[in-house]
>>> print(open('work03.cif').read())   # mmCIF, C-alpha atoms and all ligand atoms
data_coords
loop_
_atom_site.group_PDB
_atom_site.id
_atom_site.type_symbol
_atom_site.label_atom_id
_atom_site.label_comp_id
_atom_site.auth_asym_id
_atom_site.auth_seq_id
_atom_site.Cartn_x
_atom_site.Cartn_y
_atom_site.Cartn_z
ATOM 1 C CA MET P 1 21.286 14.206 35.881
ATOM 2 C CA SER P 2 24.784 13.223 37.013
ATOM 3 C CA ASP P 3 25.845 11.217 33.942
ATOM 4 C CA LYS P 4 27.818 13.768 31.881
ATOM 5 C CA SER P 5 27.408 11.752 28.690
ATOM 6 C CA ILE P 6 23.687 12.617 28.727
ATOM 7 C CA ASN P 7 23.160 15.940 27.004
ATOM 8 C CA TYR P 8 19.390 15.982 26.828
ATOM 9 C CA PHE P 9 16.844 16.742 29.561
ATOM 10 C CA CYS P 10 14.364 14.188 30.876
ATOM 11 C CA HIS P 11 12.033 15.023 33.762
ATOM 12 C CA ASN P 12 12.230 12.617 36.706
ATOM 13 C CA SER P 13 8.632 11.510 36.197
ATOM 14 C CA SER P 14 9.370 10.065 32.725
ATOM 15 C CA TYR P 15 10.734 6.649 31.693
ATOM 16 C CA ILE P 16 13.279 5.899 29.012
ATOM 17 C CA ASP P 17 13.616 2.220 28.103
ATOM 18 C CA GLU P 18 16.834 0.451 27.075
ATOM 19 C CA ASN P 19 18.386 0.937 23.657
ATOM 20 C CA VAL P 20 17.041 4.420 22.976
ATOM 21 C CA THR P 21 18.966 7.224 21.226
ATOM 22 C CA ILE P 22 18.165 10.823 22.140
ATOM 23 C CA GLY P 23 19.904 13.809 20.544
ATOM 24 C CA LYS P 24 21.543 16.796 22.166
ATOM 25 C CA ASP P 25 19.331 19.469 23.748
ATOM 26 C CA THR P 26 16.131 17.458 23.380
ATOM 27 C CA LYS P 27 13.696 17.959 26.264
ATOM 28 C CA ILE P 28 11.295 15.341 27.580
ATOM 29 C CA TRP P 29 8.762 16.739 30.030
ATOM 30 C CA HIS P 30 6.477 15.128 32.637
ATOM 31 C CA PHE P 31 4.912 11.627 32.655
ATOM 32 C CA SER P 32 6.275 10.491 29.317
ATOM 33 C CA HIS P 33 7.580 7.105 28.135
ATOM 34 C CA ILE P 34 10.153 6.457 25.433
ATOM 35 C CA GLN P 35 10.076 2.809 24.369
ATOM 36 C CA SER P 36 12.914 0.561 23.293
ATOM 37 C CA GLY P 37 14.589 1.154 19.937
ATOM 38 C CA ALA P 38 13.296 4.706 19.535
ATOM 39 C CA ILE P 39 15.615 7.236 17.905
ATOM 40 C CA ILE P 40 14.920 10.889 18.681
ATOM 41 C CA GLY P 41 16.971 13.679 17.117
ATOM 42 C CA ARG P 42 18.451 16.907 18.425
ATOM 43 C CA GLN P 43 16.585 19.872 19.900
ATOM 44 C CA CYS P 44 13.217 18.173 20.037
ATOM 45 C CA SER P 45 10.566 18.977 22.605
ATOM 46 C CA LEU P 46 8.275 16.268 23.965
ATOM 47 C CA GLY P 47 5.509 17.641 26.179
ATOM 48 C CA GLN P 48 3.587 16.105 29.039
ATOM 49 C CA ASN P 49 2.127 12.591 28.667
ATOM 50 C CA VAL P 50 3.908 11.664 25.458
ATOM 51 C CA ASN P 51 4.508 8.048 24.475
ATOM 52 C CA ILE P 52 7.105 7.184 21.821
ATOM 53 C CA GLY P 53 6.599 3.605 20.653
ATOM 54 C CA ASN P 54 9.169 0.916 19.940
ATOM 55 C CA ASN P 55 11.542 1.677 17.050
ATOM 56 C CA VAL P 56 9.938 5.027 16.222
ATOM 57 C CA LYS P 57 12.236 7.437 14.382
ATOM 58 C CA ILE P 58 11.964 11.162 15.018
ATOM 59 C CA GLY P 59 14.146 13.779 13.315
ATOM 60 C CA ASN P 60 15.679 16.989 14.663
ATOM 61 C CA ASN P 61 13.767 20.036 15.950
ATOM 62 C CA VAL P 62 10.472 18.166 16.201
ATOM 63 C CA LYS P 63 7.807 19.486 18.599
ATOM 64 C CA ILE P 64 5.387 17.021 20.157
ATOM 65 C CA GLN P 65 2.819 18.746 22.342
ATOM 66 C CA ASN P 66 0.975 17.248 25.346
ATOM 67 C CA ASN P 67 -0.963 13.942 25.248
ATOM 68 C CA ILE P 68 0.374 12.315 22.103
ATOM 69 C CA SER P 69 1.297 8.694 21.341
ATOM 70 C CA VAL P 70 3.661 8.204 18.425
ATOM 71 C CA TYR P 71 3.081 4.519 17.726
ATOM 72 C CA GLU P 72 5.454 2.083 16.079
ATOM 73 C CA GLY P 73 5.158 2.503 12.319
ATOM 74 C CA VAL P 74 5.118 6.299 12.487
ATOM 75 C CA GLU P 75 8.125 8.344 11.369
ATOM 76 C CA LEU P 76 8.481 12.097 11.868
ATOM 77 C CA GLU P 77 11.069 14.014 9.860
ATOM 78 C CA ASP P 78 12.854 17.211 10.927
ATOM 79 C CA TYR P 79 10.786 20.189 12.124
ATOM 80 C CA VAL P 80 7.481 18.323 12.271
ATOM 81 C CA PHE P 81 4.966 19.934 14.660
ATOM 82 C CA CYS P 82 2.330 17.786 16.418
ATOM 83 C CA GLY P 83 -0.371 19.848 18.127
ATOM 84 C CA PRO P 84 -1.817 18.900 21.521
ATOM 85 C CA SER P 85 -3.793 15.667 21.768
ATOM 86 C CA MET P 86 -3.487 14.819 18.087
ATOM 87 C CA VAL P 87 -3.746 11.102 17.366
ATOM 88 C CA PHE P 88 -1.643 8.708 15.318
ATOM 89 C CA THR P 89 -2.769 5.142 14.615
ATOM 90 C CA ASN P 90 -0.935 2.079 13.319
ATOM 91 C CA ILE P 91 -3.664 -0.528 12.683
ATOM 92 C CA LYS P 92 -6.198 0.384 10.026
ATOM 93 C CA ILE P 93 -8.825 -2.228 10.879
ATOM 94 C CA PRO P 94 -8.582 -2.892 14.633
ATOM 95 C CA ARG P 95 -10.396 -5.841 16.237
ATOM 96 C CA SER P 96 -9.827 -6.990 19.816
ATOM 97 C CA GLU P 97 -11.009 -10.469 18.861
ATOM 98 C CA PHE P 98 -8.408 -10.738 16.080
ATOM 99 C CA PRO P 99 -5.276 -9.119 17.506
ATOM 100 C CA GLN P 100 -2.617 -7.763 15.168
ATOM 101 C CA ARG P 101 0.410 -7.490 17.394
ATOM 102 C CA GLY P 102 3.927 -6.983 16.053
ATOM 103 C CA THR P 103 5.839 -4.864 13.592
ATOM 104 C CA GLU P 104 4.569 -6.722 10.515
ATOM 105 C CA TYR P 105 1.002 -5.589 11.185
ATOM 106 C CA TYR P 106 1.682 -1.889 11.532
ATOM 107 C CA ALA P 107 0.768 0.338 8.598
ATOM 108 C CA LYS P 108 3.432 2.996 8.052
ATOM 109 C CA THR P 109 2.775 6.695 8.465
ATOM 110 C CA LEU P 110 5.408 9.182 7.315
ATOM 111 C CA VAL P 111 5.217 12.857 8.235
ATOM 112 C CA LYS P 112 7.702 14.707 6.090
ATOM 113 C CA LYS P 113 9.915 17.656 6.922
ATOM 114 C CA SER P 114 8.299 20.772 8.393
ATOM 115 C CA ALA P 115 4.717 19.499 8.185
ATOM 116 C CA SER P 116 2.364 20.650 10.978
ATOM 117 C CA ILE P 117 -0.558 18.750 12.481
ATOM 118 C CA GLY P 118 -3.140 20.794 14.403
ATOM 119 C CA ALA P 119 -4.550 20.048 17.835
ATOM 120 C CA ASN P 120 -6.824 17.023 18.097
ATOM 121 C CA ALA P 121 -6.346 15.940 14.468
ATOM 122 C CA THR P 122 -6.338 12.202 13.721
ATOM 123 C CA ILE P 123 -4.052 10.531 11.201
ATOM 124 C CA VAL P 124 -5.464 7.220 9.969
ATOM 125 C CA CYS P 125 -2.369 5.072 9.392
ATOM 126 C CA GLY P 126 -0.824 4.244 6.028
ATOM 127 C CA VAL P 127 -0.484 7.788 4.741
ATOM 128 C CA THR P 128 2.347 10.179 3.883
ATOM 129 C CA ILE P 129 1.954 13.809 4.853
ATOM 130 C CA GLY P 130 4.091 15.910 2.518
ATOM 131 C CA GLU P 131 6.660 18.570 3.366
ATOM 132 C CA TYR P 132 5.247 21.790 4.836
ATOM 133 C CA ALA P 133 1.677 20.457 4.710
ATOM 134 C CA MET P 134 -0.694 21.995 7.270
ATOM 135 C CA ILE P 135 -3.337 19.773 8.874
ATOM 136 C CA GLY P 136 -6.102 21.784 10.550
ATOM 137 C CA SER P 137 -7.116 21.091 14.122
ATOM 138 C CA GLY P 138 -9.636 18.280 14.411
ATOM 139 C CA ALA P 139 -9.095 17.067 10.835
ATOM 140 C CA VAL P 140 -9.194 13.331 10.099
ATOM 141 C CA VAL P 141 -6.548 12.490 7.516
ATOM 142 C CA THR P 142 -7.397 9.350 5.538
ATOM 143 C CA LYS P 143 -5.278 9.828 2.384
ATOM 144 C CA ASP P 144 -1.818 11.015 1.389
ATOM 145 C CA VAL P 145 -1.358 14.762 1.656
ATOM 146 C CA PRO P 146 0.759 16.472 -1.030
ATOM 147 C CA PRO P 147 3.477 18.945 0.051
ATOM 148 C CA PHE P 148 2.328 22.464 1.038
ATOM 149 C CA SER P 149 -1.354 21.383 1.127
ATOM 150 C CA LEU P 150 -3.876 22.663 3.656
ATOM 151 C CA VAL P 151 -6.225 19.926 4.871
ATOM 152 C CA VAL P 152 -9.300 20.390 7.090
ATOM 153 C CA GLY P 153 -12.431 18.477 8.086
ATOM 154 C CA ASN P 154 -13.618 14.918 8.515
ATOM 155 C CA PRO P 155 -12.718 13.224 6.286
ATOM 156 C CA GLY P 156 -9.850 15.594 5.591
ATOM 157 C CA LYS P 157 -10.035 17.501 2.316
ATOM 158 C CA ILE P 158 -7.467 19.737 0.662
ATOM 159 C CA ILE P 159 -8.806 23.277 0.626
ATOM 160 C CA GLY P 160 -5.720 25.157 -0.518
ATOM 161 C CA LYS P 161 -1.984 25.613 -0.388
ATOM 162 C CA VAL P 162 0.278 27.149 2.241
ATOM 163 C CA ASP P 163 3.739 28.675 2.103
ATOM 164 C CA LYS P 164 6.751 27.655 4.188
ATOM 165 C CA LYS P 165 5.483 29.674 7.161
ATOM 166 C CA GLY P 166 2.071 28.020 6.949
ATOM 167 C CA ASN P 167 0.185 31.035 5.602
ATOM 168 C CA ARG P 168 -2.359 30.434 2.865
ATOM 169 C CA ILE P 169 -1.370 31.210 -0.698
ATOM 170 C CA LYS P 170 -4.172 33.088 -2.407
HETATM 171 C C1 LIG P 201 -13.017 3.544 8.960
HETATM 172 C C2 LIG P 201 -11.907 2.619 8.459
HETATM 173 C C3 LIG P 201 -11.978 1.289 9.200
HETATM 174 C C4 LIG P 201 -12.154 2.441 6.977
HETATM 175 O O1 LIG P 201 -11.126 1.703 6.383
HETATM 176 P P1 LIG P 201 -11.268 1.339 4.798
HETATM 177 O O2 LIG P 201 -12.471 0.543 4.609
HETATM 178 O O3 LIG P 201 -9.934 0.757 4.356
HETATM 179 O O4 LIG P 201 -11.515 2.778 4.155
HETATM 180 P P2 LIG P 201 -10.793 3.570 2.994
HETATM 181 O O5 LIG P 201 -9.429 4.054 3.428
HETATM 182 O O6 LIG P 201 -10.848 2.783 1.723
HETATM 183 O O7 LIG P 201 -11.729 4.854 2.900
HETATM 184 C C5 LIG P 201 -13.059 4.796 2.345
HETATM 185 C C6 LIG P 201 -13.687 6.174 2.422
HETATM 186 O O8 LIG P 201 -13.960 6.466 3.796
HETATM 187 C C7 LIG P 201 -13.270 7.642 4.222
HETATM 188 N N1 LIG P 201 -12.785 7.374 5.580
HETATM 189 C C8 LIG P 201 -11.945 6.369 5.955
HETATM 190 N N2 LIG P 201 -11.734 6.437 7.271
HETATM 191 C C9 LIG P 201 -12.421 7.499 7.721
HETATM 192 C C10 LIG P 201 -12.554 8.095 9.005
HETATM 193 N N3 LIG P 201 -11.933 7.551 10.065
HETATM 194 N N4 LIG P 201 -13.303 9.209 9.104
HETATM 195 C C11 LIG P 201 -13.918 9.739 8.028
HETATM 196 N N5 LIG P 201 -13.839 9.205 6.776
HETATM 197 C C12 LIG P 201 -13.096 8.104 6.644
HETATM 198 C C13 LIG P 201 -12.122 7.797 3.214
HETATM 199 O O9 LIG P 201 -11.731 9.154 3.084
HETATM 200 C C14 LIG P 201 -12.744 7.283 1.942
HETATM 201 O O10 LIG P 201 -13.571 8.301 1.410
HETATM 202 P P3 LIG P 201 -13.880 8.402 -0.184
HETATM 203 O O11 LIG P 201 -14.644 7.166 -0.533
HETATM 204 O O12 LIG P 201 -14.685 9.651 -0.299
HETATM 205 O O13 LIG P 201 -12.562 8.462 -0.901
HETATM 206 C C15 LIG P 201 -10.494 3.228 8.680
HETATM 207 O O14 LIG P 201 -10.227 4.296 7.783
HETATM 208 C C16 LIG P 201 -10.335 3.734 10.109
HETATM 209 O O15 LIG P 201 -10.717 4.853 10.493
HETATM 210 N N6 LIG P 201 -9.734 2.845 10.935
HETATM 211 C C17 LIG P 201 -9.551 3.094 12.355
HETATM 212 C C18 LIG P 201 -8.085 3.346 12.653
HETATM 213 C C19 LIG P 201 -7.883 3.344 14.148
HETATM 214 O O16 LIG P 201 -8.490 4.122 14.858
HETATM 215 N N7 LIG P 201 -7.011 2.455 14.627
HETATM 216 C C20 LIG P 201 -6.842 2.324 16.055
HETATM 217 C C21 LIG P 201 -5.768 1.338 16.378
HETATM 218 S S1 LIG P 201 -4.145 2.000 16.077
#
>>> encode(input="work03.cif", output="structure tokens", more="lines below")
Ligand SMILES: CC(C)(COP(=O)(O)OP(=O)(O)OC[C@H]1O[C@@H](n2cnc3c(N)ncnc32)[C@H](O)[C@@H]1OP(=O)(O)O)[C@@H](O)C(=O)NCCC(=O)NCCS
Amino acid sequence: MSDKSINYFCHNSSYIDENVTIGKDTKIWHFSHIQSGAIIGRQCSLGQNVNIGNNVKIGNNVKIQNNISVYEGVELEDYVFCGPSMVFTNIKIPRSEFPQRGTEYYAKTLVKKSASIGANATIVCGVTIGEYAMIGSGAVVTKDVPPFSLVVGNPGKIIGKVDKKGNRIK
């Protein structure tokens, strides 16, 4: 990267559209695409095959593992962890025959500070995942998750509480 004003890393195989903001020391690995209007904070890590949709806002120190699309309508606060191949959505009732294209159709999903989402979990749009919540791998989240809650299963159910490090509180 010869442009000295760029202080993040982006692998040559990835695309960054116009009008994108990326913070210092963020790393974007192979075969990824950052779409127009996205704002990504400092010291984030975006793995292989990551798509960041138009106008998506991502905080600082966020980790997005391989094979994840963060669609428009999703916001990730600081220190959020997204495990490999987890899935966000932004249309609750999708129909090819009745397309819902454009910002006004997208249901908002907010993942609050320091929440973690396990590998292969699915977040049905329109929910807020509270601070430090822990979503188990493979869970399907269909409702708001209170802070520090542990959610597993399909549909996701709260089975306990976790501390700041993610360990269960007995
Ligand atoms: C299945 C779906 C269409 C139902 O929508 P809805 O009728 O508004 O459903 P509600 O949110 O009122 O949920 C009704 C019940 O079904 C459960 N539920 C909803 N979606 C579920 C899912 N995907 N898996 C398991 N349970 C689900 C809810 O937990 C709720 O359970 P409860 O009655 O015990 O409280 C929707 O939740 C969904 O999964 N949409 C697909 C999203 C998607 O993949 N979009 C792709 C394009 S971005």
>>> resolve_selection(input="work03.cif", expression="the PyMOL selection byres (((chain P and resi 110) around 8) and not hetatm)", output="PDB file with C-alpha atoms, keeping the file's coordinate frame")
ATOM      1  CA  VAL P  74       5.118   6.299  12.487  1.00  0.00           C
ATOM      2  CA  GLU P  75       8.125   8.344  11.369  1.00  0.00           C
ATOM      3  CA  LEU P  76       8.481  12.097  11.868  1.00  0.00           C
ATOM      4  CA  GLU P  77      11.069  14.014   9.860  1.00  0.00           C
ATOM      5  CA  LYS P 108       3.432   2.996   8.052  1.00  0.00           C
ATOM      6  CA  THR P 109       2.775   6.695   8.465  1.00  0.00           C
ATOM      7  CA  VAL P 111       5.217  12.857   8.235  1.00  0.00           C
ATOM      8  CA  LYS P 112       7.702  14.707   6.090  1.00  0.00           C
ATOM      9  CA  VAL P 127      -0.484   7.788   4.741  1.00  0.00           C
ATOM     10  CA  THR P 128       2.347  10.179   3.883  1.00  0.00           C
ATOM     11  CA  ILE P 129       1.954  13.809   4.853  1.00  0.00           C
TER      12      ILE P 129
END
>>> atom_distance(input="work03.cif", atom1="atom CA of P:Ser69", atom2="atom CA of P:Gly23")
19.3 Å
>>> atom_distance(input="work03.cif", atom1="atom CA of P:Gln43", atom2="atom CA of P:Glu72")
21.3 Å
>>> residues_around(input="work03.cif", residues="P:Ile22", least_positions_apart="5", cutoff="12 Å", atoms="all atoms listed in the file", output="ChimeraX atom specification")
/P:5-10,16-17,27-28,34-46,52,56-61
>>> atom_distance(input="work03.cif", atom1="atom O8 of ligand LIG 201 (chain P)", atom2="atom CA of P:Phe81")
25.6 Å
>>> residues_near_ligand(input="work03.cif", ligand="ligand LIG 201 (chain P)", cutoff="7 Å", atoms="only C-alpha atoms and all ligand atoms", output="VMD selection string")
chain P and resid 89 to 94 124 to 125 140 142 to 143 154 to 155
>>> closest_residue(input="work03.cif", among="P:Arg95, P:Lys170, P:His30, P:Lys161", to="P:Asn66", atoms="only C-alpha atoms")
P:His30
>>> closest_residue(input="work03.cif", among="P:Ser149, P:Thr122, P:Asn167, P:Asn51", to="P:Ser32", atoms="only C-alpha atoms")
P:Asn51
>>> axis_aligned_box(input="work03.cif", around="stretch 92-103 of chain P", padding_each_side="8 Å", output="lines of an AutoDock Vina configuration file")
center_x = -2.6
center_y = -5.2
center_z = 14.9
size_x = 32.8
size_y = 27.1
size_z = 25.8
>>> closest_residue(input="work03.cif", among="P:Ile68, P:Val151, P:Val20, P:Val162", to="P:Cys82", atoms="all atoms listed in the file")
P:Ile68
>>> closest_residue(input="work03.cif", among="P:Ala107, P:Phe98, P:Asp25, P:Asn19", to="P:Gly73", atoms="all atoms listed in the file")
P:Ala107
>>> resolve_selection(input="work03.cif", expression="the PyMOL selection byres (((chain P and resi 118) around 7) and not hetatm)", output="MDAnalysis selection string")
chainID P and resid 82:83 116:117 119:121 135:138
>>> closest_residue(input="work03.cif", among="P:Val145, P:Ala133, P:Ala115, P:Val70", to="P:Asn54", atoms="all atoms listed in the file")
P:Val70
>>> closest_residue(input="work03.cif", among="P:Met134, P:Gly53, P:Met86, P:Ile64", to="P:Gly102", atoms="only C-alpha atoms")
P:Gly53
>>> resolve_selection(input="work03.cif", expression="the PyMOL selection byres (((chain P and resi 165) around 10) and not hetatm)", output="count of residues only")
10
>>> build_atoms(input="work03.cif", residues="stretch 71-82 of chain P", atoms="N, CA and C atoms", output="compact mmCIF listing (two decimals), in the frame of the given file")
# COMPACT_ATOMS: atom_id res chain seq x y z
N TYR P 71 3.02 5.99 17.71
CA TYR P 71 3.08 4.52 17.73
C TYR P 71 4.12 3.98 16.76
N GLU P 72 4.55 2.76 17.01
CA GLU P 72 5.45 2.08 16.08
C GLU P 72 4.83 2.10 14.68
N GLY P 73 5.66 2.38 13.69
CA GLY P 73 5.16 2.50 12.32
C GLY P 73 5.07 3.95 11.86
N VAL P 74 5.17 4.86 12.82
CA VAL P 74 5.12 6.30 12.49
C VAL P 74 6.54 6.84 12.44
N GLU P 75 6.82 7.66 11.43
CA GLU P 75 8.12 8.34 11.37
C GLU P 75 7.89 9.84 11.18
N LEU P 76 8.60 10.63 11.95
CA LEU P 76 8.48 12.10 11.87
C LEU P 76 9.82 12.67 11.43
N GLU P 77 9.82 13.40 10.33
CA GLU P 77 11.07 14.01 9.86
C GLU P 77 11.34 15.33 10.61
N ASP P 78 12.43 15.98 10.24
CA ASP P 78 12.85 17.21 10.93
C ASP P 78 11.74 18.27 10.92
N TYR P 79 11.67 19.02 11.99
CA TYR P 79 10.79 20.19 12.12
C TYR P 79 9.29 19.87 12.06
N VAL P 80 8.92 18.62 12.22
CA VAL P 80 7.48 18.32 12.27
C VAL P 80 6.91 18.88 13.57
N PHE P 81 5.68 19.41 13.49
CA PHE P 81 4.97 19.93 14.66
C PHE P 81 3.71 19.09 14.86
N CYS P 82 3.53 18.56 16.08
CA CYS P 82 2.33 17.79 16.42
C CYS P 82 1.58 18.54 17.51
